[in-house]
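Notes for the one structure printed next.
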Amino acid sequence: MSIFKHFKTFGIIGVIFTSFQLHAQIDEKKIGTTQKFDEILTYVNKMYVDDVDDKALTDAAIIAMLEKLDPHSTYISKDEVDEANQSINGSFVGIGIRFQIHKDTLMVVATIPGGPSEKLGILPGDKITKIENENVAGIGLKNSQVREKLMGELGTKVKIEITRKNGKKPLDFVIIRDNIPINSVDAYYMVDDKIGYIKLNSFSRSTVEEVQDAMRDLKSKGMENLIFDLQGNGGGLLYAAHQLADEFLSGDKLIVYSEGRAQPRSDLKAGRKGAWENGQLIILTDEYSASASEILSGAIQDWDRGLVVGRRSYGKGLVQRPIDLTDGSQIRLTIARYYTPSGRFIQKPYDDPEAYDKDLTQRYLNG
């Protein structure tokens, strides 16, 4: 017995010693990498031919580092953190448009219902050529610059010049900035006497409540079958996808599970009485339906709860966690992979970054 005790104690000491060595190696590795970066930055500051911006160099290094991990681990500067959270939080102050920079031209993709731009008659397809008499066409305009120019204080004015298709001359608008609600549900209505339709554009904090209100209204009008449209829906909050799937799935059915190197398996299941557990259901998807959209449609498909119709979805099966940094900036770091109830991992390969970026274009070319 004493010999057993001796070896048991030795084993414990050995584990502690090994653990100590491992932590020492990790600390040495950490010191080595951070010291190397500090050394390079010091030499650049002391010897580089021109003056340098330390912050810009550090940001560029962080971005390049995260790009080596996966396509969805990203760095967000302090100035962009609030903007990036707006679609999740539910409102912002602006002119009420969704825009896209296409071929160096600022185009209105859509006006937000009830917003100031819609009320003034601005239309999808309009090209914004000037903001406050300053040319914004063909100058390499960035998304962040557009937000900076068009968003502002409540009640302030911004003047824009628009070129409209088939218009003979540019149109001038003076828009008063207002609170712009960002609703998850774009539209809902009865297709016929029995079929209801709901279009969802994102998964935000208000999503479940909005969908519940829409379904309640449609059921009062006689809805027996539901078309739930996730086309163009790029995702959003994981818990919103979980709660929304619970509206369609009964019992304690598994909705999604996630797992990562440093993250133990986590199961998200149905658990309450949903608003549409029995009626017939069709989910519409396309190549822009991603992340939370794929969690919802994957759960519906795996449990044979409904029919998924449309084009192959985007293929994003990675879970990001926002991590706030000391200067107010943020990284969104991939911490786990998520899997559909049957164990499918739907993330498309990203070992070739160029091919990953061109995937949707290649799908189009392949028909």
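Ordered as shown in the structure tokens, chains take letters A, B, and onward, while each chain numbers its residues from 1 and ligands are numbered from 1 in the order shown.
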Residues at most 7 Å from range 331-347 of chain A, counting only C-alpha atoms, excluding those fewer than 2 positions away in the same chain, as number ranges by chain?
A: 72-76, 254-260, 263, 295, 298-299, 302, 315-324, 349
Restricting it to N, CA and C atoms, dump the selection as a PDB file, in the first residue's frame.
```
ATOM      1  N   HIS A  72     -14.297  34.512 -41.479  1.00  0.00           N
ATOM      2  CA  HIS A  72     -15.290  35.200 -40.666  1.00  0.00           C
ATOM      3  C   HIS A  72     -14.758  35.730 -39.346  1.00  0.00           C
ATOM      4  N   SER A  73     -13.488  35.475 -39.036  1.00  0.00           N
ATOM      5  CA  SER A  73     -12.856  36.137 -37.890  1.00  0.00           C
ATOM      6  C   SER A  73     -12.409  37.520 -38.360  1.00  0.00           C
ATOM      7  N   THR A  74     -12.960  38.564 -37.752  1.00  0.00           N
ATOM      8  CA  THR A  74     -12.733  39.909 -38.269  1.00  0.00           C
ATOM      9  C   THR A  74     -12.396  40.892 -37.145  1.00  0.00           C
ATOM     10  N   TYR A  75     -11.790  41.999 -37.560  1.00  0.00           N
ATOM     11  CA  TYR A  75     -11.477  43.116 -36.657  1.00  0.00           C
ATOM     12  C   TYR A  75     -12.365  44.295 -37.025  1.00  0.00           C
ATOM     13  N   ILE A  76     -12.936  44.935 -36.008  1.00  0.00           N
ATOM     14  CA  ILE A  76     -13.803  46.092 -36.226  1.00  0.00           C
ATOM     15  C   ILE A  76     -13.239  47.254 -35.423  1.00  0.00           C
ATOM     16  N   LEU A 254     -33.730  18.703 -30.879  1.00  0.00           N
ATOM     17  CA  LEU A 254     -32.467  19.415 -31.052  1.00  0.00           C
ATOM     18  C   LEU A 254     -32.570  20.344 -32.260  1.00  0.00           C
ATOM     19  N   ILE A 255     -32.170  21.582 -32.082  1.00  0.00           N
ATOM     20  CA  ILE A 255     -32.218  22.568 -33.170  1.00  0.00           C
ATOM     21  C   ILE A 255     -30.845  22.734 -33.807  1.00  0.00           C
ATOM     22  N   VAL A 256     -29.822  22.868 -32.985  1.00  0.00           N
ATOM     23  CA  VAL A 256     -28.456  23.036 -33.478  1.00  0.00           C
ATOM     24  C   VAL A 256     -27.501  22.739 -32.322  1.00  0.00           C
ATOM     25  N   TYR A 257     -26.310  22.266 -32.647  1.00  0.00           N
ATOM     26  CA  TYR A 257     -25.294  22.164 -31.604  1.00  0.00           C
ATOM     27  C   TYR A 257     -23.980  22.717 -32.124  1.00  0.00           C
ATOM     28  N   SER A 258     -23.155  23.212 -31.210  1.00  0.00           N
ATOM     29  CA  SER A 258     -21.876  23.809 -31.583  1.00  0.00           C
ATOM     30  C   SER A 258     -20.764  23.189 -30.747  1.00  0.00           C
ATOM     31  N   GLU A 259     -19.560  23.215 -31.306  1.00  0.00           N
ATOM     32  CA  GLU A 259     -18.423  22.614 -30.635  1.00  0.00           C
ATOM     33  C   GLU A 259     -17.149  23.206 -31.215  1.00  0.00           C
ATOM     34  N   GLY A 260     -16.160  23.463 -30.359  1.00  0.00           N
ATOM     35  CA  GLY A 260     -14.877  23.999 -30.803  1.00  0.00           C
ATOM     36  C   GLY A 260     -13.747  23.481 -29.940  1.00  0.00           C
ATOM     37  N   GLN A 263     -14.227  25.104 -26.799  1.00  0.00           N
ATOM     38  CA  GLN A 263     -15.628  25.213 -26.440  1.00  0.00           C
ATOM     39  C   GLN A 263     -16.257  23.825 -26.397  1.00  0.00           C
ATOM     40  N   ILE A 295     -29.177  27.691 -39.957  1.00  0.00           N
ATOM     41  CA  ILE A 295     -29.525  26.980 -38.726  1.00  0.00           C
ATOM     42  C   ILE A 295     -31.016  26.661 -38.717  1.00  0.00           C
ATOM     43  N   GLY A 298     -31.892  24.298 -41.704  1.00  0.00           N
ATOM     44  CA  GLY A 298     -31.300  22.982 -41.473  1.00  0.00           C
ATOM     45  C   GLY A 298     -32.091  22.179 -40.460  1.00  0.00           C
ATOM     46  N   ALA A 299     -32.564  22.840 -39.396  1.00  0.00           N
ATOM     47  CA  ALA A 299     -33.365  22.154 -38.386  1.00  0.00           C
ATOM     48  C   ALA A 299     -34.708  21.715 -38.963  1.00  0.00           C
ATOM     49  N   ASP A 302     -33.912  18.700 -41.311  1.00  0.00           N
ATOM     50  CA  ASP A 302     -33.501  17.463 -40.639  1.00  0.00           C
ATOM     51  C   ASP A 302     -34.656  16.781 -39.910  1.00  0.00           C
ATOM     52  N   GLY A 315     -23.533  28.658 -47.020  1.00  0.00           N
ATOM     53  CA  GLY A 315     -22.567  27.695 -46.488  1.00  0.00           C
ATOM     54  C   GLY A 315     -21.676  28.279 -45.405  1.00  0.00           C
ATOM     55  N   LYS A 316     -22.289  28.811 -44.339  1.00  0.00           N
ATOM     56  CA  LYS A 316     -21.531  29.363 -43.213  1.00  0.00           C
ATOM     57  C   LYS A 316     -21.890  28.583 -41.956  1.00  0.00           C
ATOM     58  N   GLY A 317     -20.928  27.812 -41.454  1.00  0.00           N
ATOM     59  CA  GLY A 317     -21.166  26.995 -40.285  1.00  0.00           C
ATOM     60  C   GLY A 317     -20.217  27.299 -39.141  1.00  0.00           C
ATOM     61  N   LEU A 318     -19.757  28.538 -39.058  1.00  0.00           N
ATOM     62  CA  LEU A 318     -18.810  28.937 -38.016  1.00  0.00           C
ATOM     63  C   LEU A 318     -19.466  29.942 -37.069  1.00  0.00           C
ATOM     64  N   VAL A 319     -19.172  29.807 -35.790  1.00  0.00           N
ATOM     65  CA  VAL A 319     -19.766  30.665 -34.762  1.00  0.00           C
ATOM     66  C   VAL A 319     -18.739  31.699 -34.305  1.00  0.00           C
ATOM     67  N   GLN A 320     -19.120  32.980 -34.343  1.00  0.00           N
ATOM     68  CA  GLN A 320     -18.215  34.046 -33.901  1.00  0.00           C
ATOM     69  C   GLN A 320     -18.658  34.602 -32.543  1.00  0.00           C
ATOM     70  N   ARG A 321     -17.656  34.938 -31.730  1.00  0.00           N
ATOM     71  CA  ARG A 321     -17.928  35.630 -30.464  1.00  0.00           C
ATOM     72  C   ARG A 321     -17.328  37.029 -30.528  1.00  0.00           C
ATOM     73  N   PRO A 322     -18.121  38.075 -30.248  1.00  0.00           N
ATOM     74  CA  PRO A 322     -17.551  39.426 -30.193  1.00  0.00           C
ATOM     75  C   PRO A 322     -16.725  39.607 -28.930  1.00  0.00           C
ATOM     76  N   ILE A 323     -15.513  40.126 -29.079  1.00  0.00           N
ATOM     77  CA  ILE A 323     -14.624  40.355 -27.942  1.00  0.00           C
ATOM     78  C   ILE A 323     -14.212  41.826 -27.958  1.00  0.00           C
ATOM     79  N   ASP A 324     -14.602  42.557 -26.935  1.00  0.00           N
ATOM     80  CA  ASP A 324     -14.281  43.980 -26.853  1.00  0.00           C
ATOM     81  C   ASP A 324     -12.824  44.172 -26.442  1.00  0.00           C
ATOM     82  N   PRO A 349     -15.686  24.958 -47.880  1.00  0.00           N
ATOM     83  CA  PRO A 349     -14.230  25.011 -47.665  1.00  0.00           C
ATOM     84  C   PRO A 349     -13.686  26.424 -47.809  1.00  0.00           C
TER      85      PRO A 349
END
```
Expected answer as a ChimeraX atom specification: strand (DSSP E or B) residues in range 120-184 of chain A
/A:127-131,134-135,157-163,171-176,178-181
Rank nothing, just name the residue among A:Ala187, A:Met223, A:Val93, A:Ala60 nearest to Pro116 in chain A, using only C-alpha atoms.
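Of the candidates, the smallest distance to Pro116 in chain A is held by A:Val93.
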Straight-line distance linking CA of Val108 in chain A with CA of Pro124 in chain A, stated in Å to one decimal
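Going from CA of Val108 in chain A over to CA of Pro124 in chain A, I get 5.1 Å.
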CA of Pro71 in chain A and CA of Leu57 in chain A are how many Å apart?
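Taking CA of Pro71 in chain A as the start and CA of Leu57 in chain A as the end point, the length is 20.8 Å.
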Closest of A:Asp351, A:Glu148, A:Val158, A:Glu294 to Asp79 in chain A - atom-to-atom distances counting only C-alpha atoms:
A:Glu148
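Each of A:Asp51, A:Glu153, A:Glu67, A:Asp104 was checked against Gly138 in chain A using only C-alpha atoms; the smallest atom-to-atom distance is that of A:Asp104.
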Under the rule that only C-alpha atoms are counted, which of A:Asn179, A:Thr207, A:Ser184, A:Thr105 is the nearest residue to Ser117 in chain A?
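For Ser117 in chain A, the nearest of the given residues is A:Asn179.
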Between CA of Arg305 in chain A and CA of Ala245 in chain A, what is the spacing in Å?
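CA of Arg305 in chain A lies at a distance of 10.5 Å from CA of Ala245 in chain A.
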Polymer residues at most 12 Å from Phe228 in chain A, only C-alpha atoms, same-chain spacing of 4 or more positions, as a count of residues only:
37
When DSSP is applied to the backbone of this structure, which of range 193-227 of chain A are assigned alpha helix (DSSP H)? Write them out as a list in words.
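Output for range 193-227 of chain A, alpha helix (DSSP H) only: Thr207, Val208, Glu209, Glu210, Val211, Gln212, Asp213, Ala214, Met215, Arg216, Asp217, Leu218, Lys219 and Ser220 of chain A.
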Residues at most 10 Å from range 159-169 of chain A, counting only C-alpha atoms, excluding those fewer than 5 positions away in the same chain, as a list of chain:residue names?
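Listing them by chain and then by number gives A:Leu106, A:Met107, A:Val108, A:Ile122, A:Leu123, A:Pro124, A:Gly125, A:Asp126, A:Lys127, A:Ile128, A:Thr129, A:Lys130, A:Ile131, A:Glu132, A:Asn133, A:Glu134, A:Asn135, A:Val136, A:Leu150, A:Val174, A:Ile175, A:Ile176.
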Counting only C-alpha atoms, what is within 9 Å of Arg312 in chain A, bar same-chain residues fewer than 5 positions away, as number ranges by chain?
A: 285-289
Would you export the selected residues with N, CA and C atoms as a short mmCIF file (atom, residue, chain, number, x, y, z; two decimals), in the first residue's frame, please?
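Once everything was written out, this is out22.cif:
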```
data_model
loop_
_atom_site.label_atom_id
_atom_site.label_comp_id
_atom_site.auth_asym_id
_atom_site.auth_seq_id
_atom_site.Cartn_x
_atom_site.Cartn_y
_atom_site.Cartn_z
N THR A 285 -34.96 29.64 -49.68
CA THR A 285 -33.57 30.05 -49.50
C THR A 285 -32.93 30.37 -50.84
N ASP A 286 -31.82 31.11 -50.78
CA ASP A 286 -30.99 31.32 -51.97
C ASP A 286 -29.53 31.36 -51.53
N GLU A 287 -28.65 31.74 -52.45
CA GLU A 287 -27.22 31.71 -52.16
C GLU A 287 -26.78 32.75 -51.15
N TYR A 288 -27.66 33.69 -50.78
CA TYR A 288 -27.35 34.70 -49.78
C TYR A 288 -27.94 34.35 -48.41
N SER A 289 -28.66 33.25 -48.32
CA SER A 289 -29.19 32.79 -47.03
C SER A 289 -28.04 32.13 -46.27
#
```
